[in-house]
$ cat query26.csv   # CSV, N, CA and C atoms
chain,number,residue,atom,x,y,z
A,1,VAL,N,3.7,25.9,-5.2
A,1,VAL,CA,3.5,24.6,-4.5
A,1,VAL,C,2.1,24.0,-4.9
A,2,LEU,N,2.1,22.8,-5.3
A,2,LEU,CA,0.9,22.1,-5.6
A,2,LEU,C,0.3,21.4,-4.4
A,3,ASP,N,-1.0,21.4,-4.3
A,3,ASP,CA,-1.7,20.7,-3.2
A,3,ASP,C,-2.0,19.3,-3.7
A,4,ILE,N,-1.1,18.4,-3.4
A,4,ILE,CA,-1.3,17.0,-3.8
A,4,ILE,C,-1.3,16.1,-2.6
A,5,ASP,N,-2.2,15.1,-2.7
A,5,ASP,CA,-2.3,14.1,-1.6
A,5,ASP,C,-1.0,13.2,-1.7
A,6,PRO,N,-0.3,13.2,-0.6
A,6,PRO,CA,0.9,12.3,-0.6
A,6,PRO,C,0.7,10.9,-0.9
A,7,ALA,N,-0.5,10.4,-0.7
A,7,ALA,CA,-0.8,9.0,-0.9
A,7,ALA,C,-0.8,8.7,-2.5
A,8,THR,N,-1.0,9.7,-3.3
A,8,THR,CA,-1.0,9.6,-4.7
A,8,THR,C,0.3,9.7,-5.4
A,9,VAL,N,1.4,10.0,-4.6
A,9,VAL,CA,2.7,10.2,-5.2
A,9,VAL,C,3.3,8.8,-5.4
A,10,VAL,N,3.7,8.6,-6.7
A,10,VAL,CA,4.2,7.3,-7.1
A,10,VAL,C,5.7,7.2,-6.7
A,11,ARG,N,6.4,8.3,-7.0
A,11,ARG,CA,7.9,8.3,-6.8
A,11,ARG,C,8.3,9.7,-6.4
A,12,LYS,N,9.3,9.7,-5.4
A,12,LYS,CA,9.8,11.0,-5.0
A,12,LYS,C,11.3,11.0,-5.2
A,13,GLY,N,11.9,12.1,-5.4
A,13,GLY,CA,13.4,12.2,-5.6
A,13,GLY,C,13.8,13.4,-6.4
A,14,ARG,N,15.1,13.5,-6.5
A,14,ARG,CA,15.7,14.6,-7.3
A,14,ARG,C,16.2,14.1,-8.6
A,15,LEU,N,15.9,14.8,-9.7
A,15,LEU,CA,16.4,14.4,-11.0
A,15,LEU,C,17.8,14.8,-11.1
A,16,GLN,N,18.7,13.8,-11.2
A,16,GLN,CA,20.2,14.0,-11.2
A,16,GLN,C,20.6,14.6,-12.6
A,17,PRO,N,21.7,15.3,-12.6
A,17,PRO,CA,22.2,15.8,-13.8
A,17,PRO,C,22.5,14.7,-14.8
A,18,GLY,N,22.1,14.9,-16.1
A,18,GLY,CA,22.3,14.0,-17.1
A,18,GLY,C,21.3,12.8,-17.1
A,19,ARG,N,20.4,12.8,-16.2
A,19,ARG,CA,19.4,11.8,-16.1
A,19,ARG,C,18.0,12.3,-16.6
A,20,MET,N,17.1,11.4,-16.9
A,20,MET,CA,15.8,11.8,-17.4
A,20,MET,C,14.8,10.7,-17.0
A,21,PHE,N,13.5,11.1,-17.1
A,21,PHE,CA,12.5,10.1,-16.9
A,21,PHE,C,11.3,10.5,-17.8
A,22,LEU,N,10.5,9.6,-18.1
A,22,LEU,CA,9.4,9.7,-19.0
A,22,LEU,C,8.1,9.3,-18.3
A,23,VAL,N,7.1,10.2,-18.4
A,23,VAL,CA,5.8,9.9,-17.9
A,23,VAL,C,4.9,9.4,-19.0
A,24,ASP,N,4.7,8.1,-19.0
A,24,ASP,CA,3.9,7.4,-20.1
A,24,ASP,C,2.5,7.4,-19.7
A,25,THR,N,1.7,8.3,-20.2
A,25,THR,CA,0.3,8.4,-19.8
A,25,THR,C,-0.5,7.4,-20.4
A,26,ALA,N,-0.1,6.8,-21.5
A,26,ALA,CA,-0.9,5.7,-22.2
A,26,ALA,C,-0.8,4.5,-21.4
A,27,GLN,N,0.3,4.2,-20.8
A,27,GLN,CA,0.5,2.9,-20.0
A,27,GLN,C,0.4,3.2,-18.5
A,28,GLY,N,0.3,4.5,-18.1
A,28,GLY,CA,0.2,4.8,-16.7
A,28,GLY,C,1.4,4.5,-15.9
A,29,ARG,N,2.6,4.7,-16.4
A,29,ARG,CA,3.8,4.4,-15.7
A,29,ARG,C,4.9,5.4,-15.9
A,30,ILE,N,5.9,5.4,-15.0
A,30,ILE,CA,7.1,6.3,-15.2
A,30,ILE,C,8.2,5.4,-15.7
A,31,VAL,N,8.8,5.8,-16.8
A,31,VAL,CA,9.9,5.1,-17.4
A,31,VAL,C,11.2,5.7,-16.9
A,32,ASP,N,12.1,4.9,-16.3
A,32,ASP,CA,13.3,5.5,-15.7
A,32,ASP,C,14.4,5.7,-16.8
A,33,ASP,N,15.5,6.4,-16.4
A,33,ASP,CA,16.6,6.8,-17.2
A,33,ASP,C,17.2,5.6,-18.0
A,34,ASP,N,17.5,4.5,-17.2
A,34,ASP,CA,18.2,3.4,-17.9
A,34,ASP,C,17.3,2.7,-19.0
A,35,GLU,N,16.0,2.6,-18.7
A,35,GLU,CA,15.1,2.0,-19.7
A,35,GLU,C,15.0,2.9,-21.0
A,36,ILE,N,14.9,4.2,-20.8
A,36,ILE,CA,14.8,5.2,-21.9
A,36,ILE,C,16.1,5.0,-22.7
A,37,LYS,N,17.3,5.1,-22.1
A,37,LYS,CA,18.5,5.1,-22.8
A,37,LYS,C,18.7,3.7,-23.5
A,38,ALA,N,18.3,2.6,-22.9
A,38,ALA,CA,18.5,1.3,-23.5
A,38,ALA,C,17.6,1.2,-24.7
A,39,ALA,N,16.4,1.7,-24.6
A,39,ALA,CA,15.4,1.7,-25.8
A,39,ALA,C,16.0,2.5,-26.9
A,40,LEU,N,16.5,3.7,-26.6
A,40,LEU,CA,17.1,4.5,-27.7
A,40,LEU,C,18.4,3.9,-28.3
A,41,ALA,N,19.2,3.3,-27.5
A,41,ALA,CA,20.4,2.6,-28.0
A,41,ALA,C,20.1,1.4,-28.9
A,42,ALA,N,19.0,0.7,-28.6
A,42,ALA,CA,18.6,-0.4,-29.4
A,42,ALA,C,17.9,-0.1,-30.7
A,43,GLU,N,17.5,1.2,-30.8
A,43,GLU,CA,16.8,1.6,-32.0
A,43,GLU,C,17.6,1.5,-33.3
A,44,HIS,N,18.9,1.8,-33.2
A,44,HIS,CA,19.7,1.8,-34.4
A,44,HIS,C,21.0,1.0,-34.1
A,45,PRO,N,21.7,0.5,-35.1
A,45,PRO,CA,22.9,-0.2,-34.9
A,45,PRO,C,24.1,0.7,-34.7
A,46,TYR,N,24.1,1.5,-33.7
A,46,TYR,CA,25.2,2.5,-33.5
A,46,TYR,C,26.6,1.9,-33.4
A,47,ALA,N,26.7,0.8,-32.8
A,47,ALA,CA,28.1,0.2,-32.7
A,47,ALA,C,28.6,-0.2,-34.0
A,48,ARG,N,27.7,-0.8,-34.9
A,48,ARG,CA,28.2,-1.2,-36.2
A,48,ARG,C,28.5,0.1,-37.0
A,49,TRP,N,27.6,1.1,-36.9
A,49,TRP,CA,27.9,2.3,-37.7
A,49,TRP,C,29.3,2.9,-37.3
A,50,LEU,N,29.5,2.9,-36.0
A,50,LEU,CA,30.8,3.5,-35.5
A,50,LEU,C,32.0,2.7,-36.0
A,51,GLU,N,31.8,1.3,-36.0
A,51,GLU,CA,32.9,0.4,-36.5
A,51,GLU,C,33.2,0.7,-38.0
A,52,GLU,N,32.1,0.8,-38.8
A,52,GLU,CA,32.2,1.0,-40.2
A,52,GLU,C,32.8,2.4,-40.6
A,53,GLN,N,32.4,3.4,-39.8
A,53,GLN,CA,32.7,4.8,-40.2
A,53,GLN,C,33.9,5.4,-39.5
A,54,GLN,N,34.4,4.8,-38.4
A,54,GLN,CA,35.5,5.4,-37.6
A,54,GLN,C,36.8,5.4,-38.4
A,55,LEU,N,37.4,6.6,-38.3
A,55,LEU,CA,38.7,6.8,-38.9
A,55,LEU,C,39.7,6.8,-37.8
A,56,THR,N,40.9,6.3,-38.0
A,56,THR,CA,42.0,6.4,-37.0
A,56,THR,C,43.0,7.3,-37.6
A,57,LEU,N,43.9,7.8,-36.8
A,57,LEU,CA,45.0,8.7,-37.3
A,57,LEU,C,45.8,8.0,-38.3
A,58,ASP,N,46.0,6.7,-38.2
A,58,ASP,CA,46.8,5.9,-39.2
A,58,ASP,C,46.1,5.9,-40.6
A,59,ASP,N,44.8,6.1,-40.6
A,59,ASP,CA,44.0,6.1,-41.9
A,59,ASP,C,44.2,7.4,-42.7
A,60,LEU,N,44.7,8.4,-42.0
A,60,LEU,CA,44.8,9.7,-42.6
A,60,LEU,C,46.1,9.8,-43.4
A,61,PRO,N,46.1,10.6,-44.5
A,61,PRO,CA,47.4,10.8,-45.2
A,61,PRO,C,48.3,11.6,-44.4
A,62,PRO,N,49.6,11.4,-44.6
A,62,PRO,CA,50.6,12.1,-43.8
A,62,PRO,C,50.5,13.6,-44.0
A,63,ARG,N,50.7,14.4,-43.0
A,63,ARG,CA,50.6,15.9,-43.1
A,63,ARG,C,51.9,16.4,-43.7
A,64,THR,N,51.8,17.4,-44.5
A,64,THR,CA,53.0,18.1,-45.0
A,64,THR,C,53.2,19.3,-44.1
A,65,MET,N,54.3,19.5,-43.5
A,65,MET,CA,54.5,20.6,-42.6
A,65,MET,C,55.1,21.8,-43.5
A,66,LEU,N,54.4,22.9,-43.5
A,66,LEU,CA,54.8,24.1,-44.2
A,66,LEU,C,55.4,25.1,-43.2
A,67,THR,N,56.5,25.7,-43.6
A,67,THR,CA,57.0,26.7,-42.8
A,67,THR,C,56.7,28.0,-43.4
A,68,PRO,N,55.8,28.8,-42.8
A,68,PRO,CA,55.4,30.1,-43.5
A,68,PRO,C,56.5,31.1,-43.4
A,69,GLN,N,56.5,32.0,-44.4
A,69,GLN,CA,57.5,33.0,-44.5
A,69,GLN,C,57.1,34.1,-43.4
A,70,HIS,N,58.1,34.8,-42.9
A,70,HIS,CA,57.8,35.8,-41.9
A,70,HIS,C,56.8,36.9,-42.4
A,71,ALA,N,56.9,37.3,-43.6
A,71,ALA,CA,56.0,38.4,-44.1
A,71,ALA,C,54.6,37.8,-44.2
A,72,SER,N,54.4,36.6,-44.5
A,72,SER,CA,53.1,36.0,-44.6
A,72,SER,C,52.5,35.9,-43.2
A,73,VAL,N,53.3,35.5,-42.2
A,73,VAL,CA,52.7,35.4,-40.9
A,73,VAL,C,52.3,36.8,-40.4
A,74,VAL,N,53.1,37.8,-40.6
A,74,VAL,CA,52.8,39.1,-40.1
A,74,VAL,C,51.5,39.6,-40.8
A,75,ALA,N,51.4,39.4,-42.1
A,75,ALA,CA,50.2,39.8,-42.9
A,75,ALA,C,49.0,39.1,-42.3
A,76,HIS,N,49.1,37.8,-42.0
A,76,HIS,CA,47.9,37.1,-41.4
A,76,HIS,C,47.6,37.7,-40.0
A,77,GLN,N,48.6,38.0,-39.2
A,77,GLN,CA,48.3,38.5,-37.9
A,77,GLN,C,47.6,39.8,-38.0
A,78,GLN,N,48.0,40.7,-38.9
A,78,GLN,CA,47.4,42.0,-39.1
A,78,GLN,C,46.0,41.8,-39.6
A,79,LEU,N,45.8,40.8,-40.6
A,79,LEU,CA,44.5,40.6,-41.2
A,79,LEU,C,43.5,40.2,-40.1
A,80,PHE,N,43.9,39.4,-39.1
A,80,PHE,CA,43.0,38.9,-38.1
A,80,PHE,C,43.0,39.7,-36.8
A,81,GLY,N,43.7,40.9,-36.9
A,81,GLY,CA,43.6,41.8,-35.8
A,81,GLY,C,44.5,41.6,-34.6
A,82,TYR,N,45.5,40.8,-34.7
A,82,TYR,CA,46.4,40.6,-33.6
A,82,TYR,C,47.3,41.8,-33.4
A,83,THR,N,47.5,42.2,-32.1
A,83,THR,CA,48.3,43.3,-31.8
A,83,THR,C,49.6,42.8,-31.2
A,84,ILE,N,50.6,43.6,-31.1
A,84,ILE,CA,51.9,43.3,-30.5
A,84,ILE,C,51.6,42.9,-29.0
A,85,GLU,N,50.7,43.6,-28.4
A,85,GLU,CA,50.4,43.3,-27.0
A,85,GLU,C,49.8,41.9,-26.8
A,86,GLU,N,48.9,41.5,-27.7
A,86,GLU,CA,48.3,40.2,-27.6
A,86,GLU,C,49.3,39.1,-27.9
A,87,LEU,N,50.2,39.4,-28.8
A,87,LEU,CA,51.3,38.4,-29.1
A,87,LEU,C,52.2,38.2,-28.0
A,88,ARG,N,52.6,39.3,-27.3
A,88,ARG,CA,53.6,39.3,-26.3
A,88,ARG,C,53.0,38.8,-24.9
A,89,ILE,N,51.8,39.3,-24.6
A,89,ILE,CA,51.2,39.0,-23.3
A,89,ILE,C,50.4,37.7,-23.3
A,90,ILE,N,49.7,37.4,-24.3
A,90,ILE,CA,48.8,36.3,-24.3
A,90,ILE,C,49.4,35.1,-25.1
A,91,LEU,N,49.7,35.2,-26.4
A,91,LEU,CA,50.1,34.1,-27.2
A,91,LEU,C,51.5,33.6,-26.9
A,92,ALA,N,52.5,34.4,-26.7
A,92,ALA,CA,53.8,33.9,-26.4
A,92,ALA,C,53.9,33.0,-25.1
A,93,PRO,N,53.3,33.5,-24.0
A,93,PRO,CA,53.3,32.6,-22.8
A,93,PRO,C,52.5,31.3,-23.1
A,94,MET,N,51.5,31.3,-23.9
A,94,MET,CA,50.7,30.1,-24.2
A,94,MET,C,51.6,29.1,-25.0
A,95,ALA,N,52.3,29.7,-26.0
A,95,ALA,CA,53.2,28.9,-26.8
A,95,ALA,C,54.4,28.3,-26.0
A,96,ARG,N,54.9,29.0,-25.0
A,96,ARG,CA,56.0,28.6,-24.2
A,96,ARG,C,55.6,27.5,-23.2
A,97,THR,N,54.4,27.7,-22.5
A,97,THR,CA,54.0,26.8,-21.4
A,97,THR,C,53.0,25.8,-21.8
A,98,GLY,N,52.2,26.0,-22.9
A,98,GLY,CA,51.1,25.2,-23.3
A,98,GLY,C,49.9,25.4,-22.4
A,99,GLY,N,49.9,26.4,-21.6
A,99,GLY,CA,48.8,26.7,-20.8
A,99,GLY,C,48.1,28.1,-21.2
A,100,GLU,N,47.0,28.3,-20.6
A,100,GLU,CA,46.3,29.6,-20.9
A,100,GLU,C,46.9,30.7,-20.1
A,101,ALA,N,47.0,31.9,-20.8
A,101,ALA,CA,47.5,33.1,-20.1
A,101,ALA,C,46.4,33.6,-19.2
A,102,LEU,N,46.8,34.1,-18.0
A,102,LEU,CA,45.8,34.6,-17.1
A,102,LEU,C,45.6,36.1,-17.3
A,103,GLY,N,44.4,36.6,-17.1
A,103,GLY,CA,44.1,38.0,-17.2
A,103,GLY,C,42.8,38.3,-16.6
A,104,SER,N,42.4,39.5,-16.7
A,104,SER,CA,41.1,39.9,-16.1
A,104,SER,C,40.0,39.7,-17.1
A,105,MET,N,38.8,39.7,-16.7
A,105,MET,CA,37.7,39.6,-17.6
A,105,MET,C,37.2,41.0,-18.1
A,106,GLY,N,37.8,42.0,-17.6
A,106,GLY,CA,37.4,43.3,-18.0
A,106,GLY,C,37.8,43.6,-19.4
A,107,HIS,N,37.1,44.5,-20.1
A,107,HIS,CA,37.4,44.9,-21.4
A,107,HIS,C,37.6,46.4,-21.4
A,108,ASP,N,38.8,46.9,-21.4
A,108,ASP,CA,39.0,48.3,-21.2
A,108,ASP,C,39.4,49.1,-22.5
A,109,ALA,N,39.3,48.4,-23.6
A,109,ALA,CA,39.7,49.0,-24.9
A,109,ALA,C,38.6,50.1,-25.2
A,110,ALA,N,39.1,51.1,-26.0
A,110,ALA,CA,38.2,52.1,-26.5
A,110,ALA,C,37.1,51.5,-27.4
A,111,LEU,N,36.0,52.1,-27.5
A,111,LEU,CA,35.0,51.6,-28.4
A,111,LEU,C,35.5,51.7,-29.8
A,112,ALA,N,35.2,50.7,-30.6
A,112,ALA,CA,35.7,50.6,-31.9
A,112,ALA,C,35.4,51.8,-32.7
A,113,VAL,N,34.2,52.3,-32.6
A,113,VAL,CA,33.8,53.5,-33.4
A,113,VAL,C,34.6,54.7,-33.0
A,114,LEU,N,35.2,54.8,-31.8
A,114,LEU,CA,36.0,55.9,-31.4
A,114,LEU,C,37.5,55.7,-31.5
A,115,SER,N,37.9,54.5,-31.9
A,115,SER,CA,39.3,54.2,-32.0
A,115,SER,C,39.9,54.8,-33.2
A,116,ASP,N,41.2,55.2,-33.1
A,116,ASP,CA,41.9,55.7,-34.2
A,116,ASP,C,42.7,54.6,-35.0
A,117,LYS,N,42.6,53.3,-34.5
A,117,LYS,CA,43.2,52.2,-35.1
A,117,LYS,C,42.2,51.4,-35.9
A,118,ALA,N,42.7,50.7,-36.9
A,118,ALA,CA,41.8,49.8,-37.7
A,118,ALA,C,41.3,48.7,-36.8
A,119,ARG,N,40.0,48.4,-36.8
A,119,ARG,CA,39.4,47.4,-35.9
A,119,ARG,C,38.7,46.4,-36.8
A,120,LEU,N,38.5,45.2,-36.2
A,120,LEU,CA,37.8,44.1,-36.9
A,120,LEU,C,36.3,44.4,-36.9
A,121,LEU,N,35.5,43.9,-37.8
A,121,LEU,CA,34.1,44.2,-37.9
A,121,LEU,C,33.4,43.8,-36.6
A,122,PHE,N,33.7,42.7,-36.0
A,122,PHE,CA,33.0,42.2,-34.8
A,122,PHE,C,33.3,43.1,-33.6
A,123,ASP,N,34.4,43.9,-33.6
A,123,ASP,CA,34.6,44.8,-32.5
A,123,ASP,C,33.6,45.9,-32.4
A,124,TYR,N,32.8,46.2,-33.4
A,124,TYR,CA,31.8,47.2,-33.4
A,124,TYR,C,30.5,46.7,-32.8
A,125,PHE,N,30.4,45.4,-32.5
A,125,PHE,CA,29.3,44.9,-31.8
A,125,PHE,C,29.7,44.3,-30.5
A,126,THR,N,29.1,44.9,-29.4
A,126,THR,CA,29.5,44.4,-28.1
A,126,THR,C,28.2,44.0,-27.3
A,127,GLN,N,28.5,43.2,-26.3
A,127,GLN,CA,27.4,42.7,-25.5
A,127,GLN,C,27.7,43.0,-24.0
A,128,MET,N,26.8,43.6,-23.3
A,128,MET,CA,27.0,43.8,-21.9
A,128,MET,C,26.7,42.5,-21.1
A,129,PHE,N,27.4,42.2,-20.1
A,129,PHE,CA,27.1,41.0,-19.3
A,129,PHE,C,27.4,41.4,-17.8
A,130,ALA,N,26.7,40.7,-17.0
A,130,ALA,CA,26.8,40.8,-15.6
A,130,ALA,C,27.8,39.8,-15.0
A,131,GLN,N,28.8,40.2,-14.4
A,131,GLN,CA,29.8,39.3,-13.8
A,131,GLN,C,29.5,39.1,-12.3
A,132,VAL,N,29.2,37.9,-11.9
A,132,VAL,CA,28.9,37.7,-10.5
A,132,VAL,C,30.1,37.0,-9.8
A,133,THR,N,30.6,37.6,-8.7
A,133,THR,CA,31.7,37.0,-8.0
A,133,THR,C,31.3,36.7,-6.6
A,134,ASN,N,31.9,35.7,-6.0
A,134,ASN,CA,31.6,35.4,-4.6
A,134,ASN,C,32.9,35.6,-3.9
A,135,PRO,N,32.8,36.1,-2.7
A,135,PRO,CA,34.0,36.3,-1.9
A,135,PRO,C,34.7,35.1,-1.5
$ encode --input "query26.csv" --output "structure tokens"
Amino acid sequence: VLDIDPATVVRKGRLQPGRMFLVDTAQGRIVDDDEIKAALAAEHPYARWLEEQQLTLDDLPPRTMLTPQHASVVAHQQLFGYTIEELRIILAPMARTGGEALGSMGHDAALAVLSDKARLLFDYFTQMFAQVTNP
């Protein structure tokens, strides 16, 4: 806590999320959020740039839909480390419902170095984290 004379306080309040202020020591004033953002927005022709550079879906060439062969799909699944369990428990429900599968945050798999199955390179690097839950 700073020992400041309340008479010298120019402005009090809470800085809201997404908001900012600037202490301009040269002019001896506090610049509020709206003024900062207006000055930054006026600095460059952002609206014109967006209008000139924006692409719409109609501007894109039509997509060609490829139907991969079963062997190719299985090879890619193995290459990227998908297991039957992940396909059945996680991906299939997501494909059916369009929602995320629910599961626990725990990771109970054996350490990659001790596993008898082929593991992806990133499985050998783990990070411990603290999970905080509230009742």
$ residues_around --input "query26.csv" --residues "region 110-125 of chain A" --least-positions-apart "3" --cutoff "12 Å" --atoms "only C-alpha atoms" --output "PyMOL selection string"
chain A and resi 77-83+107+128
$ atom_distance --input "query26.csv" --atom1 "atom N of Leu87 (chain A)" --atom2 "atom C of Glu100 (chain A)"
12.7 Å
$ atom_distance --input "query26.csv" --atom1 "CA of Leu15 (chain A)" --atom2 "atom C of Asp32 (chain A)"
10.6 Å
$ select_by_dssp --input "query26.csv" --residues "chain A" --states "strand (DSSP E)" --output "JSON, numbers by chain"
{"A": [22, 23, 24, 29, 30, 31]}
$ atom_distance --input "query26.csv" --atom1 "atom N of Gln53 (chain A)" --atom2 "CA of Met20 (chain A)"
29.1 Å
$ decode --input "query26.csv" --residues "region 42-53 of chain A" --atoms "N, CA and C atoms" --output "PDB file, in the first residue's frame"
ATOM      1  N   ALA A  42      -7.230   5.747 -36.054  1.00  0.00           N
ATOM      2  CA  ALA A  42      -7.056   6.799 -37.060  1.00  0.00           C
ATOM      3  C   ALA A  42      -5.647   6.815 -37.650  1.00  0.00           C
ATOM      4  N   GLU A  43      -4.741   6.042 -37.074  1.00  0.00           N
ATOM      5  CA  GLU A  43      -3.350   6.044 -37.510  1.00  0.00           C
ATOM      6  C   GLU A  43      -3.150   5.467 -38.907  1.00  0.00           C
ATOM      7  N   HIS A  44      -3.953   4.480 -39.277  1.00  0.00           N
ATOM      8  CA  HIS A  44      -3.828   3.815 -40.574  1.00  0.00           C
ATOM      9  C   HIS A  44      -5.220   3.612 -41.164  1.00  0.00           C
ATOM     10  N   PRO A  45      -5.317   3.459 -42.488  1.00  0.00           N
ATOM     11  CA  PRO A  45      -6.631   3.249 -43.125  1.00  0.00           C
ATOM     12  C   PRO A  45      -7.078   1.781 -43.042  1.00  0.00           C
ATOM     13  N   TYR A  46      -7.359   1.327 -41.830  1.00  0.00           N
ATOM     14  CA  TYR A  46      -7.702  -0.083 -41.624  1.00  0.00           C
ATOM     15  C   TYR A  46      -8.943  -0.500 -42.408  1.00  0.00           C
ATOM     16  N   ALA A  47      -9.971   0.345 -42.457  1.00  0.00           N
ATOM     17  CA  ALA A  47     -11.207  -0.005 -43.172  1.00  0.00           C
ATOM     18  C   ALA A  47     -10.925  -0.201 -44.657  1.00  0.00           C
ATOM     19  N   ARG A  48     -10.129   0.683 -45.243  1.00  0.00           N
ATOM     20  CA  ARG A  48      -9.793   0.555 -46.668  1.00  0.00           C
ATOM     21  C   ARG A  48      -8.967  -0.704 -46.911  1.00  0.00           C
ATOM     22  N   TRP A  49      -7.991  -0.956 -46.024  1.00  0.00           N
ATOM     23  CA  TRP A  49      -7.172  -2.167 -46.162  1.00  0.00           C
ATOM     24  C   TRP A  49      -8.039  -3.415 -46.115  1.00  0.00           C
ATOM     25  N   LEU A  50      -8.982  -3.440 -45.192  1.00  0.00           N
ATOM     26  CA  LEU A  50      -9.862  -4.597 -45.063  1.00  0.00           C
ATOM     27  C   LEU A  50     -10.700  -4.770 -46.323  1.00  0.00           C
ATOM     28  N   GLU A  51     -11.241  -3.660 -46.825  1.00  0.00           N
ATOM     29  CA  GLU A  51     -12.071  -3.711 -48.025  1.00  0.00           C
ATOM     30  C   GLU A  51     -11.276  -4.221 -49.220  1.00  0.00           C
ATOM     31  N   GLU A  52     -10.025  -3.772 -49.358  1.00  0.00           N
ATOM     32  CA  GLU A  52      -9.191  -4.166 -50.492  1.00  0.00           C
ATOM     33  C   GLU A  52      -8.689  -5.606 -50.386  1.00  0.00           C
ATOM     34  N   GLN A  53      -8.452  -6.083 -49.180  1.00  0.00           N
ATOM     35  CA  GLN A  53      -7.803  -7.379 -48.999  1.00  0.00           C
ATOM     36  C   GLN A  53      -8.742  -8.516 -48.612  1.00  0.00           C
TER      37      GLN A  53
END
